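**Q** One structure is given below, represented as structure tokens, and several questions about it will come after.
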Amino acid sequence: MNLTVTGHDDRYAVEQLQLSLFPENPEGEAVCALYRGKAFLTAVTTITLGGKTVRGQKRLAAARETVRLRRQTLQQSYYLAAVQLLPERPAWGALAGVRPTKLTTRCLAQGGSEADALRLMRHTYYVSPSRSALSLDCSRSTLAAASKLRPRDISLYVGIPFCPTRCVYCSFVSRTVGKKAELMEPYLQALGQEIAVTGALLKEAGCTVRSLYIGGGTPTTLDTVQLAWLLDSIHAAFDLGQCLEFTVEAGRPDTLSPEKLAAIRSHGADRISINPQSMVDSVLRACGRPHTAADVLRSFEQASRLGFDAINMDLIAGLPTDSFAGFCSSLDTVTALNPGNITVHTLALKKGADLFEKRQSLPSQEEVAQMVDYAEQTLRPAGYRPYYLYRQKYMSGSFENVGWSRDSLDCLYNIYMMEELHTILSLGGGGMNKLNLPGGKILRFHNPKFPEQYIQMLPEVLAQKRQITRQLSALSE
């Protein structure tokens with residue numbers, strides 16, 4: 001859909017909402033205009049689509065204008081026009097961002113009541129009652145996680161950008177081992193240097209590692225010797241004595257063995273992921289995952305025997321060839337295992353993924369909506385509660401990804417990272433460093449995306465880490 005903006009420069013904010021409300025990008029015209037009067041700013045959006053023209057209008061008192069409120073008013077006018085063309089009201093209303101829970105969390109942190117937070121979501125952003133309640137639930141976990149942080153705490157992410165094969169829905173920057181096995185050892189040697197240097201820098205800065213997450217890619221693509229070496233390197237470089245949780249994303253069952261699981265456990269990791277995505281073998285084959293549902297069950301049983309209580313299991317609603325019945329069966333099977341966490345993703349059609357162009361045999365948006373609803377209807381009675389959520393572009397039905405936990409087994413790193421509660425240092429290729437500054441400002445520093453680039457640019461990576469830790473030191477003085 002063609003978008004024209006007049007009277008303002010906030011095109012991106014309106015464009016992102018348009019993308020969320022009209023993900024298929026139909027042929028049409030939208031004009032989002034801002035008119036300035038002495039007392040009010042008036043946002044007016046006109047949309048012409050399918051031979052029908054609609055109009056939405058919202059006003060903001062001129063004395064209250066801020067960048068955030070102006071953009072909010074523009075988006076509200078767009079939503080009020082668009083909703084007249086949509087078959088049903090979108091669950092997330094006029095929200096286009098990936099972190100809707102920031103709104104409810106900020107409301108509570110600033111002294112608002114839970115009723116205030118719900119009113120904000122429903123009446124200002126037109127969010128549905130169920131999604132407003134979901135956001136509030138996650139904000140409770142966010143505030144609890146934030147209470148565990150101290151001024152010099154940081155979290156660490158260590159990235160292993162390798163996978164055995166690429167799933168059809170995946171767009172992460174990673175290398176398949178079959179094509180780039182020769183990069184594994186040079187990559188690990190470079191990563192070992194970054195780990196050692198960063199450990200020394202954090203010690204000088206007086207920072208404490210509060211949570212540690214090893215992700216990817218698929219970290220357990222490494223063999224047992226490589227994995228043990230990586231974990232030894234981390235322990236040698238960082239004092240983990242005050243680390244609240246240590247997570248290794250084991251991920252795909254086809255990369256797991258009792259030996260790898262034992263190595264992870266013996267090195268102090270107390271959380272792992274074993275991610276089926278589906279428990280229907282035909283769906284797994286359609287997604288390019290070479291494991292079976294039986295492999296998932298075997299890996300889960302092995303991990304449980306080794307004493308892993310906090311096991312996360314991912315499922316995706318909307319996978320190719322899946323159905324509502326198939327998703328329900330998958331969720332029921334996983335829930336019966338009683339893992340510490342179950343994360344229910346909604347399929348996102350990412351531009352870098354094979355599935356983005358093909359889009360074959362995908363469930364309808366109506367079916368995906370049924371899957372997402374079934375997850376909540378099943379998990380709450382089973383003792384799980386939502387603790388974090390986020391949204392993505394090109395997501396089926398414009399829904400969300402939700403992490404569910406039982407027995408207060410929230411993954412703190414997920415909350416700290418997604419809610420941007422404190423500084424996250426990322427080590428390895430493709431990582432994003434987020435330096436939290438006073439006043440809520442965040443500075444972002446990217447590591448090189450691909451393993452080849454990371455190896456070649458290691459001196460620049462280490463220089464960047466020195467820059468970041470200098471700023472951390474200055475903040476703590």
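Chain labels follow the order of the structure tokens: the first chain is A, the next B, and so on; residue numbering restarts at 1 in every chain, and ligands are counted from 1 in their shown order.
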Mind checking which residues fall within 10 Å of Trp92 of chain A, counting only C-alpha atoms, ignoring those fewer than 5 positions away in the same chain, and posting them as a list in words?
**A**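 Result of the neighbour search: Ser20, Leu21, Gly97, Pro100, Met121, Arg122, Tyr125, Tyr126, Val127, Ser128, Pro129, Ser130, Arg131, Ser132, Arg391, Ser398, Phe399 and Glu400 of chain A.
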**Q** Just the selected residues (N, CA and C atoms), exported as a PDB file, in the first residue's frame, please.
**A**
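Output contents, as saved in result.pdb:
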```
ATOM      1  N   SER A  20       1.963  -3.658  10.087  1.00  0.00           N
ATOM      2  CA  SER A  20       1.342  -4.567  11.049  1.00  0.00           C
ATOM      3  C   SER A  20      -0.123  -4.833  10.713  1.00  0.00           C
ATOM      4  N   LEU A  21      -0.847  -3.793  10.305  1.00  0.00           N
ATOM      5  CA  LEU A  21      -2.282  -3.939  10.041  1.00  0.00           C
ATOM      6  C   LEU A  21      -2.571  -4.522   8.662  1.00  0.00           C
ATOM      7  N   GLY A  97       5.007  -1.701  17.807  1.00  0.00           N
ATOM      8  CA  GLY A  97       6.320  -2.028  18.331  1.00  0.00           C
ATOM      9  C   GLY A  97       6.461  -3.474  18.754  1.00  0.00           C
ATOM     10  N   PRO A 100       5.398  -4.378  23.482  1.00  0.00           N
ATOM     11  CA  PRO A 100       4.214  -3.714  24.043  1.00  0.00           C
ATOM     12  C   PRO A 100       4.203  -3.679  25.558  1.00  0.00           C
ATOM     13  N   MET A 121      -3.806   0.495  27.913  1.00  0.00           N
ATOM     14  CA  MET A 121      -3.745  -0.406  26.758  1.00  0.00           C
ATOM     15  C   MET A 121      -5.053  -0.408  25.977  1.00  0.00           C
ATOM     16  N   ARG A 122      -6.165  -0.432  26.682  1.00  0.00           N
ATOM     17  CA  ARG A 122      -7.452  -0.602  26.008  1.00  0.00           C
ATOM     18  C   ARG A 122      -7.973   0.690  25.389  1.00  0.00           C
ATOM     19  N   TYR A 125      -4.557   2.659  23.233  1.00  0.00           N
ATOM     20  CA  TYR A 125      -3.965   1.898  22.123  1.00  0.00           C
ATOM     21  C   TYR A 125      -4.923   0.887  21.506  1.00  0.00           C
ATOM     22  N   TYR A 126      -6.150   0.778  22.032  1.00  0.00           N
ATOM     23  CA  TYR A 126      -7.185  -0.071  21.461  1.00  0.00           C
ATOM     24  C   TYR A 126      -6.805  -1.554  21.471  1.00  0.00           C
ATOM     25  N   VAL A 127      -6.003  -1.958  22.443  1.00  0.00           N
ATOM     26  CA  VAL A 127      -5.586  -3.355  22.564  1.00  0.00           C
ATOM     27  C   VAL A 127      -6.743  -4.165  23.139  1.00  0.00           C
ATOM     28  N   SER A 128      -6.874  -5.408  22.681  1.00  0.00           N
ATOM     29  CA  SER A 128      -7.974  -6.257  23.140  1.00  0.00           C
ATOM     30  C   SER A 128      -7.837  -6.555  24.629  1.00  0.00           C
ATOM     31  N   PRO A 129      -8.941  -6.894  25.305  1.00  0.00           N
ATOM     32  CA  PRO A 129      -8.857  -7.231  26.741  1.00  0.00           C
ATOM     33  C   PRO A 129      -7.872  -8.359  27.034  1.00  0.00           C
ATOM     34  N   SER A 130      -7.866  -9.400  26.179  1.00  0.00           N
ATOM     35  CA  SER A 130      -6.982 -10.539  26.465  1.00  0.00           C
ATOM     36  C   SER A 130      -5.510 -10.155  26.325  1.00  0.00           C
ATOM     37  N   ARG A 131      -5.168  -9.351  25.295  1.00  0.00           N
ATOM     38  CA  ARG A 131      -3.768  -8.959  25.127  1.00  0.00           C
ATOM     39  C   ARG A 131      -3.358  -7.916  26.166  1.00  0.00           C
ATOM     40  N   SER A 132      -4.289  -7.075  26.597  1.00  0.00           N
ATOM     41  CA  SER A 132      -3.977  -6.128  27.669  1.00  0.00           C
ATOM     42  C   SER A 132      -3.627  -6.876  28.945  1.00  0.00           C
ATOM     43  N   ARG A 391       6.889  -9.052  19.868  1.00  0.00           N
ATOM     44  CA  ARG A 391       6.283  -9.195  18.545  1.00  0.00           C
ATOM     45  C   ARG A 391       7.362  -9.027  17.484  1.00  0.00           C
ATOM     46  N   SER A 398      -0.445 -10.990  13.064  1.00  0.00           N
ATOM     47  CA  SER A 398       0.075  -9.891  13.891  1.00  0.00           C
ATOM     48  C   SER A 398      -0.055 -10.210  15.376  1.00  0.00           C
ATOM     49  N   PHE A 399       0.224 -11.479  15.741  1.00  0.00           N
ATOM     50  CA  PHE A 399       0.111 -11.889  17.132  1.00  0.00           C
ATOM     51  C   PHE A 399       1.417 -11.646  17.880  1.00  0.00           C
ATOM     52  N   GLU A 400       1.947 -12.626  18.581  1.00  0.00           N
ATOM     53  CA  GLU A 400       3.076 -12.402  19.479  1.00  0.00           C
ATOM     54  C   GLU A 400       3.766 -13.714  19.808  1.00  0.00           C
TER      55      GLU A 400
END
```
**Q** Per DSSP on the backbone, what are the alpha helix (DSSP H) residues of segment 360-433 of chain A, as a list in words?
**A**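 Everything in segment 360-433 of chain A that counts as alpha helix (DSSP H) is Gln365, Glu366, Glu367, Val368, Ala369, Gln370, Met371, Val372, Asp373, Tyr374, Ala375, Glu376, Gln377, Thr378, Leu379, Leu412, Tyr413, Asn414, Ile415, Tyr416, Met417 and Met418 of chain A.
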**Q** Rounded to one decimal place, report the atom CA of Gln456 of chain A-atom CA of Gly199 of chain A distance in Å.
**A**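 A separation of 21.1 Å between them.
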**Q** Tell me, as a PyMOL selection string, which residues lie within 7 Å of Leu421 of chain A, counting only C-alpha atoms; anything in the same chain fewer than 2 positions away does not count.
**A** chain A and resi 146+416+419
**Q** Mind checking which residues fall within 10 Å of Val248 of chain A, counting only C-alpha atoms, ignoring those fewer than 4 positions away in the same chain, and posting them as a VMD selection string?
**A** chain A and resid 158 212 to 216 218 to 220 261 264 to 265 269 to 274 311
**Q** Okay, now the selection with N, CA and C atoms, as a PDB file, in the first residue's frame?
**A**
```pdb
ATOM      1  N   VAL A 158      26.667 -15.089  24.711  1.00  0.00           N
ATOM      2  CA  VAL A 158      27.752 -15.690  23.925  1.00  0.00           C
ATOM      3  C   VAL A 158      27.109 -16.399  22.741  1.00  0.00           C
ATOM      4  N   LEU A 212      23.785 -15.183  32.287  1.00  0.00           N
ATOM      5  CA  LEU A 212      24.639 -15.606  31.173  1.00  0.00           C
ATOM      6  C   LEU A 212      23.832 -16.505  30.265  1.00  0.00           C
ATOM      7  N   TYR A 213      23.888 -16.214  28.967  1.00  0.00           N
ATOM      8  CA  TYR A 213      23.089 -16.976  27.993  1.00  0.00           C
ATOM      9  C   TYR A 213      23.981 -17.320  26.817  1.00  0.00           C
ATOM     10  N   ILE A 214      24.087 -18.606  26.506  1.00  0.00           N
ATOM     11  CA  ILE A 214      24.815 -19.058  25.312  1.00  0.00           C
ATOM     12  C   ILE A 214      23.776 -19.459  24.277  1.00  0.00           C
ATOM     13  N   GLY A 215      23.743 -18.722  23.154  1.00  0.00           N
ATOM     14  CA  GLY A 215      22.740 -18.957  22.130  1.00  0.00           C
ATOM     15  C   GLY A 215      23.346 -19.037  20.745  1.00  0.00           C
ATOM     16  N   GLY A 216      22.483 -18.925  19.751  1.00  0.00           N
ATOM     17  CA  GLY A 216      22.990 -19.089  18.390  1.00  0.00           C
ATOM     18  C   GLY A 216      22.023 -18.616  17.345  1.00  0.00           C
ATOM     19  N   THR A 218      22.895 -22.702  16.888  1.00  0.00           N
ATOM     20  CA  THR A 218      22.687 -23.833  17.790  1.00  0.00           C
ATOM     21  C   THR A 218      24.009 -24.140  18.475  1.00  0.00           C
ATOM     22  N   PRO A 219      24.201 -23.692  19.737  1.00  0.00           N
ATOM     23  CA  PRO A 219      25.484 -23.918  20.408  1.00  0.00           C
ATOM     24  C   PRO A 219      25.913 -25.379  20.464  1.00  0.00           C
ATOM     25  N   THR A 220      24.932 -26.289  20.556  1.00  0.00           N
ATOM     26  CA  THR A 220      25.296 -27.703  20.647  1.00  0.00           C
ATOM     27  C   THR A 220      25.631 -28.305  19.285  1.00  0.00           C
ATOM     28  N   LEU A 261      25.128 -33.010  27.190  1.00  0.00           N
ATOM     29  CA  LEU A 261      24.286 -32.555  28.295  1.00  0.00           C
ATOM     30  C   LEU A 261      25.033 -32.625  29.619  1.00  0.00           C
ATOM     31  N   ILE A 264      27.479 -29.699  29.819  1.00  0.00           N
ATOM     32  CA  ILE A 264      26.777 -28.449  30.136  1.00  0.00           C
ATOM     33  C   ILE A 264      26.447 -28.392  31.623  1.00  0.00           C
ATOM     34  N   ARG A 265      25.922 -29.489  32.140  1.00  0.00           N
ATOM     35  CA  ARG A 265      25.506 -29.520  33.543  1.00  0.00           C
ATOM     36  C   ARG A 265      26.704 -29.406  34.479  1.00  0.00           C
ATOM     37  N   ALA A 269      25.745 -24.784  34.173  1.00  0.00           N
ATOM     38  CA  ALA A 269      24.532 -24.276  33.535  1.00  0.00           C
ATOM     39  C   ALA A 269      23.310 -24.911  34.195  1.00  0.00           C
ATOM     40  N   ASP A 270      22.347 -24.073  34.568  1.00  0.00           N
ATOM     41  CA  ASP A 270      21.163 -24.604  35.239  1.00  0.00           C
ATOM     42  C   ASP A 270      19.907 -24.518  34.377  1.00  0.00           C
ATOM     43  N   ARG A 271      20.036 -23.951  33.180  1.00  0.00           N
ATOM     44  CA  ARG A 271      18.886 -23.849  32.273  1.00  0.00           C
ATOM     45  C   ARG A 271      19.327 -24.279  30.876  1.00  0.00           C
ATOM     46  N   ILE A 272      18.466 -25.022  30.190  1.00  0.00           N
ATOM     47  CA  ILE A 272      18.720 -25.348  28.793  1.00  0.00           C
ATOM     48  C   ILE A 272      17.407 -25.263  28.012  1.00  0.00           C
ATOM     49  N   SER A 273      17.545 -25.218  26.696  1.00  0.00           N
ATOM     50  CA  SER A 273      16.389 -25.306  25.808  1.00  0.00           C
ATOM     51  C   SER A 273      16.458 -26.604  25.027  1.00  0.00           C
ATOM     52  N   ILE A 274      15.330 -27.250  24.899  1.00  0.00           N
ATOM     53  CA  ILE A 274      15.176 -28.386  23.978  1.00  0.00           C
ATOM     54  C   ILE A 274      13.936 -28.056  23.161  1.00  0.00           C
ATOM     55  N   ILE A 311      13.972 -26.429  32.042  1.00  0.00           N
ATOM     56  CA  ILE A 311      14.112 -26.742  30.616  1.00  0.00           C
ATOM     57  C   ILE A 311      13.044 -25.956  29.861  1.00  0.00           C
TER      58      ILE A 311
END
```
**Q** Tell me which protein, DNA and RNA residues are within 6 Å of segment 67-84 of chain A, counting only C-alpha atoms, leaving out same-chain ones fewer than 4 positions away, and put them as a VMD selection string.
**A** chain A and resid 14 43 to 45 54 to 58 94
**Q** For the residues selected in the previous step, produce a file with C-alpha atoms as a PDB file, in the first residue's frame.
**A**
```
ATOM      1  CA  VAL A  14       3.064   5.229  10.643  1.00  0.00           C
ATOM      2  CA  ALA A  43      -3.866  13.900  12.836  1.00  0.00           C
ATOM      3  CA  VAL A  44      -6.052  12.792   9.923  1.00  0.00           C
ATOM      4  CA  THR A  45      -5.560   9.579   7.971  1.00  0.00           C
ATOM      5  CA  VAL A  54     -12.290   5.773   5.038  1.00  0.00           C
ATOM      6  CA  ARG A  55     -11.042   8.435   7.419  1.00  0.00           C
ATOM      7  CA  GLY A  56      -9.638   8.465  10.961  1.00  0.00           C
ATOM      8  CA  GLN A  57      -8.929  11.503  13.130  1.00  0.00           C
ATOM      9  CA  LYS A  58      -7.243  12.098  16.489  1.00  0.00           C
ATOM     10  CA  ALA A  94      -2.694   0.573  17.269  1.00  0.00           C
TER      11      ALA A  94
END
```
**Q** Counting only C-alpha atoms, figure out which residue out of A:Pro386, A:Gly111, A:Gly428, A:Pro151 gets nearest to Gly206 of chain A.
**A**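 For Gly206 of chain A, the nearest of the candidates is A:Pro151.
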